[in-house]
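Notes follow the structure.
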Amino acid sequence: MPLPVTAKVAVENTAYSFDKLFDYLIPDNLIAKVSVGCRVLVDFGKGSKKRQGFVFSLSEELPDTDVKMKYIASVLDSEPLLSDEMLSLASFVAERTFCTLFDAAKALLPSGICLNVIETYRLKDVDCTTDSLFPSEAEIVEYLRNKSGYVSAEKICKDTGIDEDSALLERLYKNGYLIKNTDTKRRYNDATVKMVYLAQEYASSMVLPFKPTHKQQLVIDLLRDIGSGTSKEIAYYTGVTQSVIEGLYGRGVVVYDDVPTYRTPKAMSETPRKHEDITLTKIQTGAYEKLSSLRKSPEAAAALLFGVTGSGKTKVYMKLIDDAVAENQGVIVLVPEISLTPQLLSMFYSRYGERVAVLHSGLSMGERTDEWKRIKKGEATIAVGTRSASFAPVKDLGLMIIDEEQENSYKSEMSPRYNAKDVAKFRCAYNKALLVLASATPSVESYAYAQAGRYELVELSERYSRKGLPRVVTVDVSQKANMNGMQTISVPLAEEIRANLEAGEQTILLINRRGFNTFVACTKCKSVMMCPNCSISMTYHTANNRLMCHYCGYSEPVRTSCPDCGAETVRFSGFGTQKVEQELGVLFPDARVLRMDADTTTAKNSHEKSFRLFSEGEYDIMVGTQMVAKGLDFPDVTLVGVISVDQQLYNDDFRSTERTFDLLTQVVGRSGRGDKEGRAVIQTLAPENAVIELAAQQDYKEFFSTEINIRKGMTYPPYCDLCSVTFVGLGESNVFQAARKFFMLFKEKLLEKYKDEKVVVLGPVAPKIGKISNKYRQRLIIKCRNTARFRALMSECLREFATIKIYNNITVCADMNADS
């Protein structure tokens with residue numbers, strides 16, 4: 001069988017403008033080691049600097065090129081990290097999101113398994129002279145003359161004060177003064193456990209070179225029986241201390257070996273196993289049978305599981321998971337937020353045990369890496385997690401479920417700007433698996449696709465408990481009589497909360513803004529205290545008594561006088577979670593209040609701990625941002641209060657009405673999920689607004705009917721796709737000129753080569769927040785169809801624009817169907 005002689009490699013840190021798969025020769029000593037899907041170290045460019053790369057393919061033939069080819073320097077993995085499916089997915093992501101192939105492939109891996117390339121140097125001749133060198137070069141030579149081994153480039157630059165981007169080290173290396181070595185280092189090492197074994201000569205022999213004590217003999221007898229164990233296990237079963245084991249080690253009777261182990265998420269080890277039969281209602285059974293038929297189909301399929309809040313969608317797809325597991329198929333379940341995973345995970349851990357692996361940012365880097373390894377080795381066949389779990393290397397994938405599929409958190413805002421739903425569609429098509437999109441408030445696009453037959457529509461029309469939906473009351477907060485001096489809690493809502501407290505029932509309050517006051521202004525000169533780095537007002541936080549920017553993190557002490565006019569007329573306005581918490585303390589001093597927002601959930605496992613305490617009845621009222629609005633199931637919650645939703649309703653985004661309807665419907669659906677009837681109170685300045693009225697009635701179909709007609713008339717998704725091209729840089733005028741230049745370039749190519757593409761271009765214009773971290777922003781919005789041809793047009797424009805040197809300091813990115 002012919003051996004491969006060349007490899008096509010995706011190389012790191014290549015500019016998008018010339019990114020492709022690069023051809024490399026395989027040296028004879030590496031032919032047996034190089035595999036498709038593994039990482040390699042290669043020389044790239046004119047210098048000798050080595051870079052990582054992923055091998056995408058191997059060839060037995062030399063490419064037809066006059067360019068002198070370089071050799072692969074080393075192989076970094078003993079076995080492939082990426083399968084053929086994952087490499088195909090990387091190509092799919094790169095083409096769809098306008099990123100490099102290396103960045104797409106890297107995104108499929110947990111960050112803990114990624115490598116850093118480290119260059120180290122030492123002096124070639126310690127007796128060399130420095131007479132012909134520049135002073136800065138001589139300083140480096142003298143520095144290394146006093147070092148015995150290799151020193152990293154980073155340390156050399158730090159200790160000598162030279163710029164890390166300086167070419168001094170490379171010049172000294174090329175001129176023969178230095179020897180260079182390139183190493184790679186894992187960002188996070190494998191976890192190990194120290195195992196104790198009997199030394200080989202004593203494993204079977206009863207003869208020892210000394211007479212052991214009684215305690216030592218207990219250890220020896222145990223190890224002869226079980227073979228090996230940790231020090232803790234041996235101490236537990238024999239009752240001896242660590243010093244006894246150390247004594248045997250000192251005499252050479254036992255040996256230690258570091259054995260790799262997994263860092264297991266805390267929730268898995270604490271959840272008891274419990275496998276109960278799933279009982280379905282007649283309606284649920286019909287939905288399950290329909291989905292089961294699709295799962296057993298020999299072709300890929302996609303379905304929208306649409307059911308009212310509390311209809312038991314989770315029970316239906318758990319039944320599907322049971323079937324897939326029984327047939328040895330892999331499963332991936334996606335949830336939109338970390339806050340939804342604790343309740344869901346406890347269900348999965350108790351039912352499926354160690355077959356479940358979890359992937360989300362709330363885990364440590366080591367835990368995420370180990371969970372990924374368990375999936376890749378086939379030890380875990382069910383992956384549960386947030387957006388990045390769509391890349392889980394599950395074997396024999398048979399079922400993917402996206403819970404709360406309408407959530408915008410499935411769309412990445414960082415490169416590569418992928419949508420987990422697109423990834424799921426690709427993977428289900430590749431594996432001929434079933435994709436289930438589940439929601440009580442599906443996205444307008446998904447429901448339209450279901451009506452058009454692109455997805456199979458499966459409906460659950462009633463709650464699992466057979467109870468009706470919560471009774472909803474709308475309160476007009478513009479009427480002072482309704483507020484009784486309070487800023488956040490109306491009289492009707494306060495009365496309902498008091499009734500709940502007296503009945504021993506729980507309440508959830510939603511306010512989708514954190515902080516105490518949302519802005520601070522001077523009543524005399526009308527100026528608002530803005531972040532000096534961003535075009536946004538700062539928010540007052542009581543915990544640290546500071547004004548804070550939620551975009552760049554800047555903060556400053558609270559002022560009592562206006563920084564512009566000096567008047568003592570500063571007024572705090574607006575409100576967030578902290579203000580609601582304070583007013584609850586005034587109205588209900590004995591109530592136990594839990595606040596859930598980004599400020600209170602930064603610690604590891606904080607979501608899990610807080611929700612568990614609330615579920616156990618340790619708190620009466622939970623107030624929080626949208627993390628408390630969706631996917632949670634607390635049987636004792638019989639009242640939901642929406643403090644305000646008007647700001648989101650009147651946002652300048654075409655999706656604002658859809659998001660408001662979704663948020664209201666979902667949070668109202670948290671009430672009355674147990675044996676008791678639920679109630680909800682919605683506070684608003686616009687009680688007559690149709691969106692609020694329809695959300696109060698939980699009437700999604702009527703909302704969709706109205707919204708789809710507006711989308712059609714205005715040509716918004718699903719009647720088009722939106723490509724957002726954003727420009728970021730220093731200097732407002734410079735960024736605007738760059739955006740104009742790109743627009744002209746796009747127009748030129750459209751008229752010359754892509755005349756068949758029908759588009760509408762809006763802008764360039766500054767987005768709502770035109771400056772973040774002292775960098776200005778401009779944006780083009782292009783209404784188009786997300787076809788391969790349009791993406792080719794956009795890719796050409798991005799690559800050509802990158803060659804215009806006067807705009808080298810401008811960052812430009814294109815994002816298909818961006819969230820906003």
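By order in the structure tokens, chains are A, B, ...; within a chain, residues start at 1; ligands start at 1, following the order shown.
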
Check your understanding: In range 516-679 of chain A, what's strand (DSSP E) per DSSP? Answer as number ranges by chain?
Key -> A: 519-522, 539-541, 546-548, 555-557, 570-573, 593-596, 621-624, 637-644, 679

Review point. So which residues touch range 18-24 of chain A within 12 Å, counting only C-alpha atoms, skipping near sequence neighbours fewer than 6 positions away, as a PyMOL selection string?
Key: chain A and resi 4-12+34+40-45+53-59+61-65+67-74+91+94-95+98-104+795-796+798-803

Can you list, as a PDB file with N, CA and C atoms, in the first residue's frame, every protein, DNA or RNA residue that comes within 10 Å of Phe391 in chain A when you count only C-alpha atoms, leaving out same-chain residues fewer than 4 positions away?
ATOM      1  N   MET A  86     -15.833  15.668  12.139  1.00  0.00           N
ATOM      2  CA  MET A  86     -15.450  16.940  12.740  1.00  0.00           C
ATOM      3  C   MET A  86     -14.655  17.811  11.774  1.00  0.00           C
ATOM      4  N   LEU A  89     -17.106  19.274   9.508  1.00  0.00           N
ATOM      5  CA  LEU A  89     -17.816  20.326  10.236  1.00  0.00           C
ATOM      6  C   LEU A  89     -16.963  21.592  10.317  1.00  0.00           C
ATOM      7  N   ALA A  90     -15.652  21.436  10.523  1.00  0.00           N
ATOM      8  CA  ALA A  90     -14.759  22.599  10.570  1.00  0.00           C
ATOM      9  C   ALA A  90     -14.789  23.358   9.245  1.00  0.00           C
ATOM     10  N   ALA A 107     -12.141  25.610  17.398  1.00  0.00           N
ATOM     11  CA  ALA A 107     -13.393  25.836  18.125  1.00  0.00           C
ATOM     12  C   ALA A 107     -14.086  24.537  18.500  1.00  0.00           C
ATOM     13  N   LEU A 108     -13.766  23.449  17.804  1.00  0.00           N
ATOM     14  CA  LEU A 108     -14.400  22.158  18.084  1.00  0.00           C
ATOM     15  C   LEU A 108     -13.816  21.471  19.310  1.00  0.00           C
ATOM     16  N   LEU A 109     -12.712  22.004  19.830  1.00  0.00           N
ATOM     17  CA  LEU A 109     -12.013  21.369  20.947  1.00  0.00           C
ATOM     18  C   LEU A 109     -12.161  22.189  22.222  1.00  0.00           C
ATOM     19  N   PRO A 110     -12.134  21.539  23.383  1.00  0.00           N
ATOM     20  CA  PRO A 110     -12.147  22.303  24.634  1.00  0.00           C
ATOM     21  C   PRO A 110     -10.846  23.073  24.778  1.00  0.00           C
ATOM     22  N   ILE A 332     -27.128  14.328  21.888  1.00  0.00           N
ATOM     23  CA  ILE A 332     -26.682  15.654  22.334  1.00  0.00           C
ATOM     24  C   ILE A 332     -27.911  16.471  22.688  1.00  0.00           C
ATOM     25  N   LEU A 359     -21.061  19.834  29.213  1.00  0.00           N
ATOM     26  CA  LEU A 359     -20.109  20.777  28.624  1.00  0.00           C
ATOM     27  C   LEU A 359     -20.697  22.186  28.678  1.00  0.00           C
ATOM     28  N   TRP A 372     -14.977  16.080  27.766  1.00  0.00           N
ATOM     29  CA  TRP A 372     -14.799  15.908  26.318  1.00  0.00           C
ATOM     30  C   TRP A 372     -14.090  14.572  26.034  1.00  0.00           C
ATOM     31  N   ALA A 383     -24.358  13.886  25.700  1.00  0.00           N
ATOM     32  CA  ALA A 383     -23.718  15.160  26.007  1.00  0.00           C
ATOM     33  C   ALA A 383     -24.797  16.207  26.251  1.00  0.00           C
ATOM     34  N   ARG A 387     -24.178  26.105  24.088  1.00  0.00           N
ATOM     35  CA  ARG A 387     -23.899  26.190  22.649  1.00  0.00           C
ATOM     36  C   ARG A 387     -22.735  25.317  22.190  1.00  0.00           C
ATOM     37  N   ALA A 420     -25.521  27.391  16.787  1.00  0.00           N
ATOM     38  CA  ALA A 420     -25.570  25.974  17.175  1.00  0.00           C
ATOM     39  C   ALA A 420     -26.663  25.227  16.425  1.00  0.00           C
ATOM     40  N   VAL A 423     -25.118  24.137  13.207  1.00  0.00           N
ATOM     41  CA  VAL A 423     -24.209  23.016  13.487  1.00  0.00           C
ATOM     42  C   VAL A 423     -25.011  21.736  13.683  1.00  0.00           C
ATOM     43  N   ALA A 424     -26.116  21.843  14.424  1.00  0.00           N
ATOM     44  CA  ALA A 424     -26.958  20.668  14.682  1.00  0.00           C
ATOM     45  C   ALA A 424     -27.545  20.114  13.387  1.00  0.00           C
ATOM     46  N   ARG A 427     -24.782  18.215  11.554  1.00  0.00           N
ATOM     47  CA  ARG A 427     -24.408  16.946  12.171  1.00  0.00           C
ATOM     48  C   ARG A 427     -25.515  15.904  12.008  1.00  0.00           C
TER      49      ARG A 427
END

Exercise for review: Determine, counting only C-alpha atoms, which protein, DNA and RNA residues have an atom within 9 Å of an atom of range 325-330 of chain A; residues of the same chain fewer than 4 positions away are not included. Present the result as a ChimeraX atom specification.
Suggested key: /A:320-321,378,380-383,394-400

Convert the current residue selection to file output with C-alpha atoms, as an mmCIF file, in the first residue's frame.
data_model
loop_
_atom_site.group_PDB
_atom_site.id
_atom_site.type_symbol
_atom_site.label_atom_id
_atom_site.label_comp_id
_atom_site.auth_asym_id
_atom_site.auth_seq_id
_atom_site.Cartn_x
_atom_site.Cartn_y
_atom_site.Cartn_z
ATOM 1 C CA LEU A 320 -36.798 9.466 22.874
ATOM 2 C CA ILE A 321 -33.413 9.501 24.616
ATOM 3 C CA GLY A 378 -17.287 6.521 24.054
ATOM 4 C CA ALA A 380 -20.231 8.979 27.829
ATOM 5 C CA THR A 381 -22.873 8.730 25.122
ATOM 6 C CA ILE A 382 -25.130 11.627 26.170
ATOM 7 C CA ALA A 383 -23.718 15.160 26.007
ATOM 8 C CA VAL A 394 -20.423 11.887 20.285
ATOM 9 C CA LYS A 395 -20.126 8.570 18.483
ATOM 10 C CA ASP A 396 -22.996 7.159 16.376
ATOM 11 C CA LEU A 397 -25.099 10.282 16.814
ATOM 12 C CA GLY A 398 -28.784 9.414 16.552
ATOM 13 C CA LEU A 399 -30.590 12.299 18.267
ATOM 14 C CA MET A 400 -30.001 16.007 18.887
#

Go through range 412-507 of chain A residue by residue and, counting only C-alpha atoms, keep those with an atom at most 10 Å from range 629-646 of chain A; for each kept residue give the shortest atom pair and its distance in Å to one decimal, ordered by chain and increasing number, as CSV.
residue,atom,partner,partner_atom,distance
A:Ser439,CA,A:Gly631,CA,9.6
A:Pro470,CA,A:Thr638,CA,8.5
A:Arg471,CA,A:Leu639,CA,9.5
A:Val472,CA,A:Val640,CA,9.2
A:Val473,CA,A:Gly641,CA,9.6
A:Thr474,CA,A:Val642,CA,9.5
A:Val475,CA,A:Ile643,CA,9.9
A:Val477,CA,A:Ser644,CA,9.1
A:Gln487,CA,A:Ile643,CA,9.8
A:Thr488,CA,A:Ile643,CA,6.3
A:Ile489,CA,A:Ile643,CA,6.8
A:Ser490,CA,A:Ile643,CA,8.6
A:Leu493,CA,A:Gly641,CA,6.9
A:Ala494,CA,A:Gly641,CA,9.6
A:Glu496,CA,A:Leu639,CA,7.5
A:Ile497,CA,A:Leu639,CA,7.4
A:Ala499,CA,A:Leu639,CA,9.7
A:Asn500,CA,A:Leu639,CA,7.3
A:Gly504,CA,A:Asp636,CA,8.7
A:Glu505,CA,A:Asp636,CA,5.7
A:Gln506,CA,A:Val637,CA,4.5
A:Thr507,CA,A:Leu639,CA,4.9

Just the selected residues (all heavy atoms), exported as a short mmCIF file (atom, residue, chain, number, x, y, z; two decimals), in the first residue's frame, please.
data_model
loop_
_atom_site.label_atom_id
_atom_site.label_comp_id
_atom_site.auth_asym_id
_atom_site.auth_seq_id
_atom_site.Cartn_x
_atom_site.Cartn_y
_atom_site.Cartn_z
N SER A 439 -39.80 24.13 22.04
CA SER A 439 -40.08 25.43 22.64
C SER A 439 -41.58 25.64 22.80
O SER A 439 -42.39 25.10 22.04
CB SER A 439 -39.51 26.56 21.78
OG SER A 439 -39.80 27.82 22.35
N PRO A 470 -51.70 29.95 33.80
CA PRO A 470 -51.85 30.92 34.90
C PRO A 470 -52.81 32.06 34.55
O PRO A 470 -52.90 32.49 33.40
CB PRO A 470 -50.42 31.44 35.09
CG PRO A 470 -49.54 30.37 34.53
CD PRO A 470 -50.29 29.76 33.40
N ARG A 471 -53.51 32.53 35.58
CA ARG A 471 -54.37 33.72 35.43
C ARG A 471 -53.48 34.95 35.45
O ARG A 471 -52.69 35.13 36.36
CB ARG A 471 -55.40 33.75 36.57
CG ARG A 471 -56.24 35.02 36.62
CD ARG A 471 -57.29 34.89 37.71
NE ARG A 471 -56.70 34.54 39.01
CZ ARG A 471 -56.20 35.46 39.83
NH1 ARG A 471 -56.18 36.73 39.50
NH2 ARG A 471 -55.71 35.08 41.00
N VAL A 472 -53.61 35.81 34.44
CA VAL A 472 -52.70 36.94 34.28
C VAL A 472 -53.44 38.26 34.48
O VAL A 472 -54.52 38.47 33.93
CB VAL A 472 -52.03 36.93 32.89
CG1 VAL A 472 -51.05 38.10 32.75
CG2 VAL A 472 -51.29 35.60 32.65
N VAL A 473 -52.82 39.15 35.27
CA VAL A 473 -53.34 40.50 35.50
C VAL A 473 -52.31 41.49 34.99
O VAL A 473 -51.11 41.35 35.26
CB VAL A 473 -53.62 40.75 36.99
CG1 VAL A 473 -54.04 42.20 37.22
CG2 VAL A 473 -54.68 39.80 37.50
N THR A 474 -52.76 42.50 34.25
CA THR A 474 -51.87 43.55 33.75
C THR A 474 -52.09 44.82 34.56
O THR A 474 -53.23 45.24 34.75
CB THR A 474 -52.12 43.83 32.26
OG1 THR A 474 -51.97 42.61 31.53
CG2 THR A 474 -51.12 44.84 31.72
N VAL A 475 -50.99 45.44 35.02
CA VAL A 475 -51.07 46.64 35.86
C VAL A 475 -50.44 47.81 35.12
O VAL A 475 -49.30 47.72 34.65
CB VAL A 475 -50.35 46.42 37.20
CG1 VAL A 475 -50.38 47.71 38.03
CG2 VAL A 475 -50.99 45.27 37.97
N VAL A 477 -48.53 50.91 35.32
CA VAL A 477 -47.68 51.56 36.31
C VAL A 477 -47.57 53.06 36.09
O VAL A 477 -46.92 53.77 36.87
CB VAL A 477 -46.27 50.93 36.35
CG1 VAL A 477 -46.33 49.49 36.81
CG2 VAL A 477 -45.60 51.00 34.97
N GLN A 487 -41.23 52.41 43.49
CA GLN A 487 -40.78 52.58 42.12
C GLN A 487 -40.88 51.31 41.31
O GLN A 487 -41.05 51.36 40.09
CB GLN A 487 -39.31 53.08 42.11
CG GLN A 487 -38.83 53.55 40.76
CD GLN A 487 -37.41 54.09 40.80
OE1 GLN A 487 -36.83 54.22 41.87
NE2 GLN A 487 -36.86 54.43 39.64
N THR A 488 -40.80 50.17 41.98
CA THR A 488 -40.73 48.92 41.22
C THR A 488 -41.89 47.96 41.47
O THR A 488 -42.17 47.12 40.61
CB THR A 488 -39.42 48.16 41.54
OG1 THR A 488 -39.45 47.71 42.91
CG2 THR A 488 -38.21 49.05 41.34
N ILE A 489 -42.52 48.04 42.61
CA ILE A 489 -43.57 47.06 42.95
C ILE A 489 -44.89 47.77 43.16
O ILE A 489 -45.05 48.60 44.07
CB ILE A 489 -43.18 46.27 44.23
CG1 ILE A 489 -41.85 45.53 43.99
CG2 ILE A 489 -44.27 45.28 44.60
CD1 ILE A 489 -41.30 44.85 45.20
N SER A 490 -45.85 47.45 42.30
CA SER A 490 -47.17 48.08 42.35
C SER A 490 -47.99 47.52 43.51
O SER A 490 -47.68 46.46 44.06
CB SER A 490 -47.90 47.87 41.03
OG SER A 490 -48.18 46.50 40.84
N LEU A 493 -49.39 43.98 42.71
CA LEU A 493 -48.35 42.96 42.81
C LEU A 493 -47.98 42.72 44.27
O LEU A 493 -47.80 41.58 44.70
CB LEU A 493 -47.11 43.37 42.01
CG LEU A 493 -45.91 42.41 42.07
CD1 LEU A 493 -46.30 41.01 41.65
CD2 LEU A 493 -44.76 42.93 41.20
N ALA A 494 -47.88 43.80 45.06
CA ALA A 494 -47.54 43.66 46.48
C ALA A 494 -48.60 42.84 47.21
O ALA A 494 -48.28 42.00 48.07
CB ALA A 494 -47.41 45.04 47.12
N GLU A 496 -50.50 40.50 45.92
CA GLU A 496 -50.36 39.09 45.51
C GLU A 496 -49.17 38.45 46.20
O GLU A 496 -49.22 37.29 46.62
CB GLU A 496 -50.20 39.01 43.99
CG GLU A 496 -51.44 39.39 43.20
CD GLU A 496 -52.55 38.37 43.29
OE1 GLU A 496 -52.33 37.27 43.86
OE2 GLU A 496 -53.67 38.63 42.79
N ILE A 497 -48.06 39.19 46.32
CA ILE A 497 -46.88 38.65 47.02
C ILE A 497 -47.22 38.37 48.48
O ILE A 497 -46.84 37.33 49.03
CB ILE A 497 -45.70 39.64 46.92
CG1 ILE A 497 -45.24 39.79 45.46
CG2 ILE A 497 -44.54 39.18 47.80
CD1 ILE A 497 -44.19 40.86 45.25
N ALA A 499 -50.12 37.69 49.77
CA ALA A 499 -51.00 36.51 49.82
C ALA A 499 -50.18 35.23 49.70
O ALA A 499 -50.44 34.23 50.38
CB ALA A 499 -52.05 36.58 48.73
N ASN A 500 -49.17 35.25 48.82
CA ASN A 500 -48.32 34.09 48.64
C ASN A 500 -47.49 33.80 49.90
O ASN A 500 -47.33 32.64 50.29
CB ASN A 500 -47.38 34.32 47.44
CG ASN A 500 -47.71 33.38 46.29
OD1 ASN A 500 -48.86 33.04 46.09
ND2 ASN A 500 -46.70 33.00 45.53
N GLY A 504 -47.59 30.46 52.31
CA GLY A 504 -46.38 29.62 52.30
C GLY A 504 -45.98 29.18 50.91
O GLY A 504 -45.33 28.14 50.75
N GLU A 505 -46.35 29.95 49.90
CA GLU A 505 -46.02 29.63 48.52
C GLU A 505 -44.94 30.57 48.00
O GLU A 505 -44.69 31.62 48.59
CB GLU A 505 -47.29 29.70 47.65
CG GLU A 505 -48.33 28.66 48.08
CD GLU A 505 -49.71 28.91 47.47
OE1 GLU A 505 -49.82 29.80 46.60
OE2 GLU A 505 -50.67 28.22 47.86
N GLN A 506 -44.31 30.19 46.90
CA GLN A 506 -43.15 30.94 46.41
C GLN A 506 -43.50 31.85 45.24
O GLN A 506 -44.47 31.61 44.51
CB GLN A 506 -42.04 29.97 46.00
CG GLN A 506 -41.41 29.24 47.18
CD GLN A 506 -40.35 28.26 46.74
OE1 GLN A 506 -40.60 27.37 45.91
NE2 GLN A 506 -39.14 28.38 47.29
N THR A 507 -42.63 32.87 45.05
CA THR A 507 -42.85 33.89 44.02
C THR A 507 -41.56 34.11 43.23
O THR A 507 -40.46 34.08 43.79
CB THR A 507 -43.26 35.23 44.68
OG1 THR A 507 -44.46 35.04 45.41
CG2 THR A 507 -43.46 36.32 43.64
#

As a PDB file with C-alpha atoms, in the first residue's frame, please: all residues of range 403-612 of chain A that backbone DSSP puts in alpha helix (DSSP H).
ATOM      1  CA  ALA A 420     -25.570  25.974  17.175  1.00  0.00           C
ATOM      2  CA  LYS A 421     -28.776  25.261  15.242  1.00  0.00           C
ATOM      3  CA  ASP A 422     -26.840  25.306  11.954  1.00  0.00           C
ATOM      4  CA  VAL A 423     -24.209  23.016  13.487  1.00  0.00           C
ATOM      5  CA  ALA A 424     -26.958  20.668  14.682  1.00  0.00           C
ATOM      6  CA  LYS A 425     -28.535  20.540  11.217  1.00  0.00           C
ATOM      7  CA  PHE A 426     -25.170  19.701   9.666  1.00  0.00           C
ATOM      8  CA  ARG A 427     -24.408  16.946  12.171  1.00  0.00           C
ATOM      9  CA  CYS A 428     -27.859  15.370  11.922  1.00  0.00           C
ATOM     10  CA  ALA A 429     -27.635  15.410   8.137  1.00  0.00           C
ATOM     11  CA  TYR A 430     -24.157  13.830   8.290  1.00  0.00           C
ATOM     12  CA  ASN A 431     -25.277  11.087  10.699  1.00  0.00           C
ATOM     13  CA  VAL A 444     -40.762  33.075  14.035  1.00  0.00           C
ATOM     14  CA  GLU A 445     -38.398  31.510  11.498  1.00  0.00           C
ATOM     15  CA  SER A 446     -38.672  27.998  12.974  1.00  0.00           C
ATOM     16  CA  TYR A 447     -42.471  28.060  13.163  1.00  0.00           C
ATOM     17  CA  ALA A 448     -42.641  29.375   9.592  1.00  0.00           C
ATOM     18  CA  TYR A 449     -40.351  26.536   8.437  1.00  0.00           C
ATOM     19  CA  ALA A 450     -42.595  24.035  10.241  1.00  0.00           C
ATOM     20  CA  GLN A 451     -45.676  25.418   8.513  1.00  0.00           C
ATOM     21  CA  ALA A 452     -43.875  25.244   5.175  1.00  0.00           C
ATOM     22  CA  LYS A 480     -49.556  56.770  40.534  1.00  0.00           C
ATOM     23  CA  ALA A 481     -52.344  55.201  42.582  1.00  0.00           C
ATOM     24  CA  ASN A 482     -51.061  51.798  41.517  1.00  0.00           C
ATOM     25  CA  MET A 483     -47.534  52.457  42.822  1.00  0.00           C
ATOM     26  CA  VAL A 491     -49.974  47.777  44.894  1.00  0.00           C
ATOM     27  CA  PRO A 492     -51.667  44.852  43.055  1.00  0.00           C
ATOM     28  CA  LEU A 493     -48.352  42.963  42.811  1.00  0.00           C
ATOM     29  CA  ALA A 494     -47.543  43.663  46.479  1.00  0.00           C
ATOM     30  CA  GLU A 495     -50.946  42.289  47.500  1.00  0.00           C
ATOM     31  CA  GLU A 496     -50.361  39.094  45.514  1.00  0.00           C
ATOM     32  CA  ILE A 497     -46.884  38.654  47.016  1.00  0.00           C
ATOM     33  CA  ARG A 498     -48.304  39.138  50.523  1.00  0.00           C
ATOM     34  CA  ALA A 499     -50.996  36.511  49.825  1.00  0.00           C
ATOM     35  CA  ASN A 500     -48.318  34.090  48.642  1.00  0.00           C
ATOM     36  CA  LEU A 501     -46.190  34.665  51.740  1.00  0.00           C
ATOM     37  CA  GLU A 502     -49.182  34.031  53.999  1.00  0.00           C
ATOM     38  CA  ALA A 503     -49.997  30.835  52.097  1.00  0.00           C
ATOM     39  CA  THR A 577     -32.493  43.841  40.375  1.00  0.00           C
ATOM     40  CA  GLN A 578     -30.796  45.508  43.351  1.00  0.00           C
ATOM     41  CA  LYS A 579     -33.517  48.192  43.555  1.00  0.00           C
ATOM     42  CA  VAL A 580     -36.260  45.551  43.459  1.00  0.00           C
ATOM     43  CA  GLU A 581     -34.479  43.633  46.221  1.00  0.00           C
ATOM     44  CA  GLN A 582     -34.340  46.784  48.350  1.00  0.00           C
ATOM     45  CA  GLU A 583     -38.063  47.575  47.939  1.00  0.00           C
ATOM     46  CA  LEU A 584     -38.949  43.970  48.782  1.00  0.00           C
ATOM     47  CA  GLY A 585     -37.008  44.436  52.014  1.00  0.00           C
ATOM     48  CA  VAL A 586     -39.071  47.533  52.810  1.00  0.00           C
ATOM     49  CA  LEU A 587     -42.440  45.950  51.993  1.00  0.00           C
ATOM     50  CA  SER A 606     -23.580  29.259  42.097  1.00  0.00           C
ATOM     51  CA  HIS A 607     -26.565  28.666  39.790  1.00  0.00           C
ATOM     52  CA  GLU A 608     -26.900  25.094  40.983  1.00  0.00           C
ATOM     53  CA  LYS A 609     -26.611  26.004  44.656  1.00  0.00           C
ATOM     54  CA  SER A 610     -29.070  28.914  44.489  1.00  0.00           C
ATOM     55  CA  PHE A 611     -31.725  27.017  42.556  1.00  0.00           C
ATOM     56  CA  ARG A 612     -31.387  24.040  44.888  1.00  0.00           C
TER      57      ARG A 612
END

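Neighbouring residues of range 724-732 of chain A at 8 Å or closer, counting only C-alpha atoms and skipping chain neighbours under 6 positions away, are Ala738, Ala739, Asn774, Lys775, Tyr776, Arg777, Gln778, Arg779, Leu780, Ile781, Ile782, Asn809, Ile810, Thr811, Val812, Cys813, Ala814, Asp815, Met816, Asn817 and Ala818 of chain A.
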
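Taking only C-alpha atoms, the non-local environment of Gln698 in chain A within 9 Å (same-chain residues fewer than 5 positions away omitted) comprises Val308, Thr309, Leu469, Phe661, Leu664, Thr665, Val668, Gly669 and Glu693 of chain A.
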
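Surrounding range 689-691 of chain A within 10 Å are Leu649, Thr657, Glu658, Thr660, Phe661, Asp662, Leu664, Thr684, Ala696, Gln697, Asp699, Tyr700, Glu702, Phe703, Thr706 and Glu707 of chain A, with only C-alpha atoms counted and residues fewer than 5 positions along the same chain left out.
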
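Considering only C-alpha atoms, the residue among A:Ala695, A:Cys784, A:Leu123, A:Met596 positioned nearest to Pro718 in chain A is A:Cys784.
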
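Across the model, the gap from CA of Pro563 in chain A to CA of Thr542 in chain A is 20.3 Å.
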
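Between Val436 in chain A and the candidates A:Ser561, A:Val335, A:Met529, A:Leu304, the tightest atom-to-atom separation, counting only C-alpha atoms, involves A:Leu304.
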
Closest pair table for range 111-139 of chain A residues within 8 Å of range 177-181 of chain A, only C-alpha atoms, as JSON lines:
{"residue": "A:Glu119", "atom": "CA", "partner": "A:Asn181", "partner_atom": "CA", "distance": 5.8}
{"residue": "A:Thr120", "atom": "CA", "partner": "A:Asn181", "partner_atom": "CA", "distance": 5.2}
{"residue": "A:Tyr121", "atom": "CA", "partner": "A:Lys180", "partner_atom": "CA", "distance": 4.6}
{"residue": "A:Arg122", "atom": "CA", "partner": "A:Ile179", "partner_atom": "CA", "distance": 5.5}
{"residue": "A:Leu123", "atom": "CA", "partner": "A:Leu178", "partner_atom": "CA", "distance": 4.7}
{"residue": "A:Lys124", "atom": "CA", "partner": "A:Leu178", "partner_atom": "CA", "distance": 5.0}
{"residue": "A:Asp125", "atom": "CA", "partner": "A:Tyr177", "partner_atom": "CA", "distance": 7.0}
{"residue": "A:Cys128", "atom": "CA", "partner": "A:Tyr177", "partner_atom": "CA", "distance": 7.8}
